[in-house]
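Coordinates as given in start.cif (mmCIF, C-alpha atoms):
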```
data_query
loop_
_atom_site.label_atom_id
_atom_site.label_comp_id
_atom_site.auth_asym_id
_atom_site.auth_seq_id
_atom_site.Cartn_x
_atom_site.Cartn_y
_atom_site.Cartn_z
CA MET A 16 0.00 0.00 0.00
CA LYS A 17 1.35 3.35 -1.01
CA LEU A 18 1.94 5.80 1.83
CA ASN A 19 -0.23 8.88 1.54
CA THR A 20 2.18 11.68 2.33
CA ASN A 21 -0.59 14.25 1.95
CA SER A 22 -2.75 12.88 4.78
CA ASN A 23 -3.16 14.56 8.15
CA VAL A 24 -2.09 11.38 9.93
CA TYR A 25 1.22 11.33 8.04
CA THR A 26 1.85 14.98 8.83
CA VAL A 27 1.18 14.50 12.55
CA VAL A 28 3.31 11.34 12.81
CA TYR A 29 6.15 12.89 10.80
CA ALA A 30 6.14 16.02 12.98
CA ALA A 31 6.09 13.92 16.16
CA VAL A 32 9.06 11.83 15.00
CA ILE A 33 11.05 14.95 14.11
CA VAL A 34 10.29 16.52 17.50
CA ILE A 35 11.39 13.36 19.33
CA VAL A 36 14.61 13.08 17.30
CA VAL A 37 15.48 16.77 17.80
CA ALA A 38 14.72 16.56 21.53
CA PHE A 39 16.94 13.49 21.84
CA LEU A 40 19.78 15.20 19.98
CA LEU A 41 19.50 18.35 22.11
CA ALA A 42 19.48 16.30 25.32
CA PHE A 43 22.52 14.36 24.12
CA VAL A 44 24.43 17.52 23.19
CA SER A 45 23.49 19.19 26.49
CA SER A 46 24.61 16.16 28.47
CA SER A 47 27.86 15.94 26.52
CA LEU A 48 28.68 19.62 27.10
CA LYS A 49 27.58 19.81 30.76
CA ALA A 50 31.01 19.04 32.21
CA THR A 51 32.61 21.72 30.03
CA GLN A 52 29.88 24.23 30.85
CA ASP A 53 30.20 23.59 34.57
CA ALA A 54 33.98 23.98 34.37
CA ASN A 55 33.57 27.30 32.52
CA VAL A 56 31.11 28.62 35.12
CA GLU A 57 33.44 27.58 37.94
CA ASN A 58 36.40 29.25 36.25
CA ASP A 59 34.38 32.42 35.67
CA THR A 60 33.37 32.55 39.34
CA LYS A 61 36.99 32.15 40.40
CA GLY A 62 37.85 34.93 37.96
CA GLN A 63 35.31 37.20 39.65
CA ILE A 64 36.87 36.53 43.05
CA LEU A 65 40.33 37.22 41.64
CA THR A 66 39.05 40.45 40.08
CA ALA A 67 37.99 41.59 43.56
CA LEU A 68 41.60 40.87 44.54
CA ARG A 69 42.75 43.26 41.78
CA TYR A 70 43.94 40.59 39.38
CA ASP A 71 43.32 41.13 35.67
CA LYS A 72 41.84 37.77 34.76
CA SER A 73 42.64 38.34 31.07
CA GLU A 74 46.34 38.29 31.92
CA ILE A 75 46.52 35.27 34.23
CA ASP A 76 45.73 31.58 34.32
CA VAL A 77 42.63 31.86 36.50
CA LYS A 78 42.50 28.22 37.57
CA GLN A 79 46.18 28.08 38.51
CA THR A 80 46.27 31.47 40.23
CA PHE A 81 43.19 30.68 42.29
CA ALA A 82 44.62 27.31 43.35
CA GLU A 83 47.92 28.92 44.37
CA LYS A 84 46.63 32.07 46.04
CA VAL A 85 43.12 31.49 47.40
CA GLN A 86 41.64 29.19 50.03
CA ASP A 87 37.89 28.56 50.27
CA MET A 88 37.08 28.69 54.00
CA LEU A 89 34.00 28.71 56.23
CA PHE A 90 33.53 30.91 59.29
CA GLN A 91 32.12 28.57 61.92
CA ASP A 92 31.99 28.85 65.70
CA GLY A 93 34.17 31.92 65.66
CA GLN A 94 36.95 30.55 63.51
CA LEU A 95 37.89 29.88 59.91
CA VAL A 96 37.93 26.23 58.84
CA PRO A 97 38.65 24.75 55.40
CA TYR A 98 35.61 24.19 53.20
CA GLU A 99 35.72 20.56 52.10
CA GLY A 100 32.83 20.52 49.64
CA LYS A 101 32.62 21.10 45.90
CA PHE A 102 33.44 24.63 44.80
CA LEU A 103 30.24 26.66 44.50
CA THR A 104 29.35 29.27 41.90
CA THR A 105 26.49 30.96 43.81
CA TYR A 106 26.33 31.83 47.50
CA GLY A 107 22.87 33.23 48.24
CA THR A 108 21.47 29.93 49.53
CA GLU A 109 24.66 29.16 51.44
CA ILE A 110 24.49 32.47 53.28
CA LYS A 111 20.80 31.98 54.11
CA ASN A 112 21.69 28.57 55.54
CA GLY A 113 24.40 30.08 57.71
CA ASN A 114 27.31 28.73 55.69
CA LEU A 115 29.57 31.78 55.60
CA HIS A 116 32.27 31.34 52.98
CA VAL A 117 35.39 33.47 53.26
CA PHE A 118 38.05 33.31 50.56
CA VAL A 119 41.43 33.87 52.17
CA ALA A 120 44.02 35.13 49.71
CA ASP A 121 47.77 35.36 49.99
CA THR A 122 48.83 38.40 47.95
CA GLU A 123 51.98 40.46 47.58
CA GLU A 124 50.27 43.09 49.74
CA GLY A 125 49.45 40.69 52.54
CA THR A 126 46.48 38.55 53.50
CA LYS A 127 43.10 39.56 52.06
CA TYR A 128 39.62 38.26 52.86
CA VAL A 129 36.97 38.03 50.15
CA ILE A 130 33.31 37.97 51.18
CA PRO A 131 30.52 37.03 48.75
CA VAL A 132 27.39 39.22 48.74
CA THR A 133 24.07 38.86 46.96
CA GLY A 134 21.04 41.10 46.48
CA ARG A 135 18.37 42.44 44.14
CA GLY A 136 18.55 45.25 41.60
CA LEU A 137 15.86 46.96 39.56
CA TRP A 138 15.19 44.00 37.26
CA GLY A 139 16.86 40.98 38.82
CA GLY A 140 19.56 39.53 40.98
CA LEU A 141 22.83 41.19 41.92
CA TRP A 142 25.96 39.56 43.27
CA GLY A 143 29.51 40.44 44.08
CA TYR A 144 32.66 39.88 46.09
CA ILE A 145 34.23 42.37 48.48
CA ALA A 146 37.90 41.95 49.35
CA LEU A 147 38.96 43.28 52.72
CA ASN A 148 42.42 44.20 53.85
CA GLU A 149 43.98 42.23 56.68
CA ASP A 150 42.70 44.77 59.20
CA LYS A 151 39.12 43.95 58.10
CA ARG A 152 38.31 47.63 58.34
CA THR A 153 39.01 48.76 54.80
CA VAL A 154 38.16 47.55 51.31
CA TYR A 155 40.97 46.23 49.16
CA GLY A 156 38.88 45.61 46.03
CA ALA A 157 35.47 44.57 44.78
CA TYR A 158 33.58 42.91 41.97
CA PHE A 159 29.89 43.32 41.13
CA TYR A 160 27.60 42.00 38.45
CA HIS A 161 23.92 41.68 37.67
CA GLU A 162 21.29 39.46 36.14
CA SER A 163 19.45 41.95 33.94
CA GLU A 164 20.06 45.61 34.81
CA THR A 165 19.61 48.27 32.14
CA ALA A 166 22.51 48.61 29.70
CA GLY A 167 24.33 51.92 30.09
CA LEU A 168 22.67 52.58 33.45
CA GLY A 169 22.37 49.96 36.19
CA ALA A 170 24.54 47.55 34.22
CA ARG A 171 27.48 49.89 34.84
CA ILE A 172 27.93 48.36 38.30
CA GLY A 173 29.89 45.68 36.42
CA GLU A 174 32.40 48.20 35.08
CA ALA A 175 35.89 48.68 36.50
CA GLU A 176 35.28 52.37 37.29
CA PHE A 177 32.48 51.54 39.71
CA ARG A 178 34.16 48.66 41.50
CA GLU A 179 37.43 50.59 41.82
CA SER A 180 35.59 53.37 43.64
CA PHE A 181 35.30 50.97 46.59
CA ARG A 182 39.05 50.71 47.09
CA GLY A 183 40.19 52.11 50.43
CA LYS A 184 36.66 52.73 51.71
CA GLU A 185 36.09 52.10 55.41
CA LEU A 186 33.57 49.57 56.69
CA PHE A 187 32.89 51.44 59.92
CA SER A 188 32.30 55.07 60.76
CA ASP A 189 33.20 56.72 64.05
CA GLY A 190 30.16 57.23 66.21
CA ARG A 191 28.02 54.83 64.19
CA GLU A 192 27.43 51.21 65.05
CA GLY A 193 27.39 48.50 62.41
CA ILE A 194 28.48 48.52 58.80
CA ALA A 195 28.67 52.06 57.44
CA LEU A 196 30.01 51.26 53.97
CA THR A 197 27.28 52.10 51.46
CA VAL A 198 26.38 53.44 48.03
CA VAL A 199 24.53 56.76 47.80
CA LYS A 200 22.69 58.56 45.03
CA HIS A 201 25.12 59.99 42.50
CA GLY A 202 26.45 63.35 43.61
CA THR A 203 25.28 63.12 47.23
CA VAL A 204 28.38 61.76 48.99
CA LYS A 205 28.74 63.41 52.42
CA THR A 206 31.11 60.98 54.11
CA PRO A 207 33.78 60.05 51.55
CA ALA A 208 35.48 57.60 53.91
CA CYS A 209 32.62 55.10 53.73
CA GLU A 210 30.25 56.30 50.99
CA VAL A 211 30.53 55.35 47.31
CA ASP A 212 29.03 57.51 44.57
CA GLY A 213 26.18 55.65 42.87
CA VAL A 214 25.75 55.18 39.14
CA THR A 215 24.33 58.21 37.32
CA GLY A 216 20.67 57.64 36.37
CA ALA A 217 20.49 54.28 38.13
CA THR A 218 19.19 55.20 41.57
CA LEU A 219 17.28 51.96 42.17
CA THR A 220 20.18 49.76 41.11
CA SER A 221 22.51 51.80 43.31
CA LYS A 222 20.12 51.31 46.23
CA GLY A 223 20.15 47.60 45.49
CA VAL A 224 23.94 47.53 45.65
CA ALA A 225 23.89 49.59 48.86
CA ALA A 226 21.52 47.10 50.49
CA MET A 227 23.55 44.16 49.18
CA VAL A 228 26.80 45.57 50.56
CA HIS A 229 25.33 46.55 53.93
CA ASP A 230 23.29 43.41 54.50
CA GLY A 231 25.94 41.11 53.07
CA LEU A 232 28.74 42.47 55.25
CA SER A 233 26.47 42.67 58.30
CA VAL A 234 25.97 38.89 58.15
CA TYR A 235 29.75 38.56 58.42
CA GLU A 236 30.11 41.14 61.18
CA ASP A 237 31.23 38.56 63.78
CA PHE A 238 34.02 37.54 61.43
CA ILE A 239 34.91 41.14 60.60
CA ASN A 240 35.02 42.10 64.29
CA GLU A 241 36.97 39.02 65.30
CA GLN A 242 40.26 40.13 66.91
CA ARG A 243 39.72 43.59 65.47
#
```
Could you take the file, read its structure, and then write that structure out as structure tokens?
Amino acid sequence: MKLNTNSNVYTVVYAAVIVIVVAFLLAFVSSSLKATQDANVENDTKGQILTALRYDKSEIDVKQTFAEKVQDMLFQDGQLVPYEGKFLTTYGTEIKNGNLHVFVADTEEGTKYVIPVTGRGLWGGLWGYIALNEDKRTVYGAYFYHESETAGLGARIGEAEFRESFRGKELFSDGREGIALTVVKHGTVKTPACEVDGVTGATLTSKGVAAMVHDGLSVYEDFINEQR
């Protein structure tokens, strides 16, 4: 019997077979590339941490430099202990669960401590890493990025100019309890020692970063104040 290629049944069956074959191929490709994708995400996260430590990740071997210079630690029961688990690429859930990661770095300028922070911007998630000097009172460097902030406005928190404005800022202010480091509306800095100028035209994103920095560092305040 000759197959009627013009029938509705043939069209439906043919389309179903194509969909199944394509879905299988996509699943196979995705599975095959997962290890490589995971490795790339891990390497990118390590690059972000190294950027907070003032490394130019385009000029270094990120994997090697991280392995040689940085230790992934947890702050537990008032002390730093080695983190024995798989390297993570996001830290929001960890922080909520009380698992406070601290990346301890051995640099030419002494020991630095990198703290992960997460928050919300105008359109989506924000995250970053703040590197503290050994005194835990001043910022050595920072890295910030976003999920979907507006290009040319809120997205500028990912630019070097913004993150470099955190260098040397103080975490605490005389006469004020708690974390004082913050981001203020562009052009309204009154206390240069601990205030960072926000991004022009991106007030809500700047507020999101301010909340992320304040809340994120406040969670680590016991660590920051330890032997201070």
(request) May I ask for the distance between CA of Pro131 (chain A) and CA of Ser180 (chain A), given in Å to one decimal place? (result) 17.9 Å
(request) With a distance cut-off of 10 Å and only C-alpha atoms, select the neighbouring residues of Arg152 (chain A), excluding the residue or stretch itself and same-chain residues fewer than 3 positions from it, and output the selection as a list in words. (result)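 Using only C-alpha atoms, the neighbours found are Leu147, Asn148, Glu149, Tyr155, Gly183, Lys184, Glu185, Leu186, Phe187, Ser188, Ile194, Ile239, Asn240 and Arg243 of chain A.
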(message) Rounded to one decimal, what separation in Å do you get between CA of Phe118 (chain A) and CA of Arg178 (chain A)?
(response)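 That distance, rounded to one decimal, is 18.2 Å.
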(message) Considering all atoms listed in the file, can you say which of A:Ser163, A:Gln91, A:Asn58, A:Thr66 comes closest to Tyr235 (chain A)?
(response)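 Distance minimum relative to Tyr235 (chain A) lands on A:Gln91.
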(request) Fewer than 5 positions away in the same chain doesn't count, so skip those; otherwise give me all residues within 12 Å of Lys78 (chain A), counting all atoms listed in the file, as a list in words. (result) Ala54, Asn55, Val56, Glu57, Asn58, Asp59, Thr60, Lys61, Gly62, Gln63, Ile64, Leu65, Lys72, Glu83, Lys84 and Val85 of chain A
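Once the PyMOL selection byres ((chain A and resi 221) around 9) is applied to the shown structure, the selection contains A:Gly136, A:Gly169, A:Ile172, A:Val198, A:Val199, A:Lys200, A:His201, A:Asp212, A:Gly213, A:Val214, A:Thr215, A:Ala217, A:Thr218, A:Leu219, A:Thr220, A:Lys222, A:Gly223, A:Val224, A:Ala225, A:Ala226.
CA of Phe159 (chain A) sits 17.6 Å away from CA of Lys127 (chain A).
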(request) Just the residues within 8 Å of Phe238 (chain A), please, counting all atoms listed in the file, with nothing from its chain fewer than 6 positions along; format it as a ChimeraX atom specification. (result) /A:90,93-94
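The shortest atom-to-atom distance to His116 (chain A), with all atoms listed in the file taken into account, belongs to A:Asp87 out of A:Glu192, A:Glu241, A:Asp92, A:Asp87.
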Padded axis-aligned box of region 231-239 of chain A (3 Å per side), centre and edge lengths, Å, one decimal, as JSON:
```
{"center_x": 30.4, "center_y": 40.1, "center_z": 58.4, "size_x": 15.0, "size_y": 11.1, "size_z": 16.7}
```
Incomplete region 109-133 of chain A brought to N, CA, C and O atoms, written out as a compact mmCIF listing (two decimals), keeping the file's coordinate frame:
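Saved as result_12.txt:
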```txt
# COMPACT_ATOMS: atom_id res chain seq x y z
N GLU A 109 23.70 29.49 50.40
CA GLU A 109 24.66 29.16 51.44
C GLU A 109 24.59 30.16 52.59
O GLU A 109 24.57 29.78 53.76
N ILE A 110 24.54 31.44 52.25
CA ILE A 110 24.49 32.47 53.28
C ILE A 110 23.21 32.36 54.09
O ILE A 110 23.22 32.47 55.32
N LYS A 111 22.08 32.13 53.41
CA LYS A 111 20.80 31.98 54.11
C LYS A 111 20.84 30.79 55.07
O LYS A 111 20.19 30.81 56.12
N ASN A 112 21.59 29.76 54.70
CA ASN A 112 21.69 28.57 55.54
C ASN A 112 22.77 28.68 56.61
O ASN A 112 23.04 27.73 57.34
N GLY A 113 23.40 29.86 56.68
CA GLY A 113 24.40 30.08 57.71
C GLY A 113 25.78 29.57 57.37
O GLY A 113 26.66 29.53 58.25
N ASN A 114 25.99 29.19 56.12
CA ASN A 114 27.31 28.73 55.69
C ASN A 114 28.08 29.93 55.13
O ASN A 114 27.90 30.31 53.98
N LEU A 115 28.90 30.53 55.95
CA LEU A 115 29.57 31.78 55.60
C LEU A 115 30.94 31.51 55.00
O LEU A 115 31.92 31.28 55.72
N HIS A 116 31.01 31.55 53.68
CA HIS A 116 32.27 31.34 52.98
C HIS A 116 33.14 32.59 53.05
O HIS A 116 32.64 33.72 52.88
N VAL A 117 34.40 32.40 53.29
CA VAL A 117 35.39 33.47 53.26
C VAL A 117 36.57 32.96 52.43
O VAL A 117 37.13 31.90 52.72
N PHE A 118 36.92 33.70 51.40
CA PHE A 118 38.05 33.31 50.56
C PHE A 118 39.28 34.05 51.07
O PHE A 118 39.35 35.28 51.01
N VAL A 119 40.22 33.29 51.59
CA VAL A 119 41.43 33.87 52.17
C VAL A 119 42.53 33.84 51.11
O VAL A 119 42.87 32.77 50.58
N ALA A 120 43.05 35.01 50.80
CA ALA A 120 44.02 35.13 49.71
C ALA A 120 45.37 35.59 50.21
O ALA A 120 45.47 36.50 51.05
N ASP A 121 46.40 34.97 49.69
CA ASP A 121 47.77 35.36 49.99
C ASP A 121 48.28 36.20 48.82
O ASP A 121 48.55 35.67 47.74
N THR A 122 48.40 37.50 49.02
CA THR A 122 48.83 38.40 47.95
C THR A 122 50.15 39.07 48.31
O THR A 122 50.62 38.98 49.45
N GLU A 123 50.73 39.75 47.35
CA GLU A 123 51.98 40.46 47.58
C GLU A 123 51.80 41.60 48.59
O GLU A 123 52.77 42.09 49.16
N GLU A 124 50.56 42.01 48.79
CA GLU A 124 50.27 43.09 49.74
C GLU A 124 49.71 42.56 51.05
O GLU A 124 49.11 43.31 51.82
N GLY A 125 49.90 41.28 51.28
CA GLY A 125 49.45 40.69 52.54
C GLY A 125 48.19 39.85 52.38
O GLY A 125 47.69 39.64 51.28
N THR A 126 47.68 39.38 53.50
CA THR A 126 46.48 38.55 53.50
C THR A 126 45.24 39.39 53.23
O THR A 126 45.08 40.48 53.79
N LYS A 127 44.37 38.89 52.37
CA LYS A 127 43.10 39.56 52.06
C LYS A 127 41.96 38.56 52.28
O LYS A 127 42.14 37.35 52.12
N TYR A 128 40.80 39.09 52.62
CA TYR A 128 39.62 38.26 52.86
C TYR A 128 38.52 38.67 51.89
O TYR A 128 38.14 39.85 51.86
N VAL A 129 38.02 37.73 51.13
CA VAL A 129 36.97 38.03 50.15
C VAL A 129 35.64 37.47 50.63
O VAL A 129 35.53 36.27 50.93
N ILE A 130 34.64 38.34 50.70
CA ILE A 130 33.31 37.97 51.18
C ILE A 130 32.30 38.05 50.03
O ILE A 130 32.21 39.08 49.36
N PRO A 131 31.55 36.98 49.79
CA PRO A 131 30.52 37.03 48.75
C PRO A 131 29.27 37.74 49.26
O PRO A 131 28.89 37.59 50.42
N VAL A 132 28.63 38.53 48.39
CA VAL A 132 27.39 39.22 48.74
C VAL A 132 26.39 39.04 47.61
O VAL A 132 26.76 38.94 46.44
N THR A 133 25.12 39.00 47.96
CA THR A 133 24.07 38.86 46.96
C THR A 133 22.92 39.81 47.28
O THR A 133 22.73 40.19 48.44
```
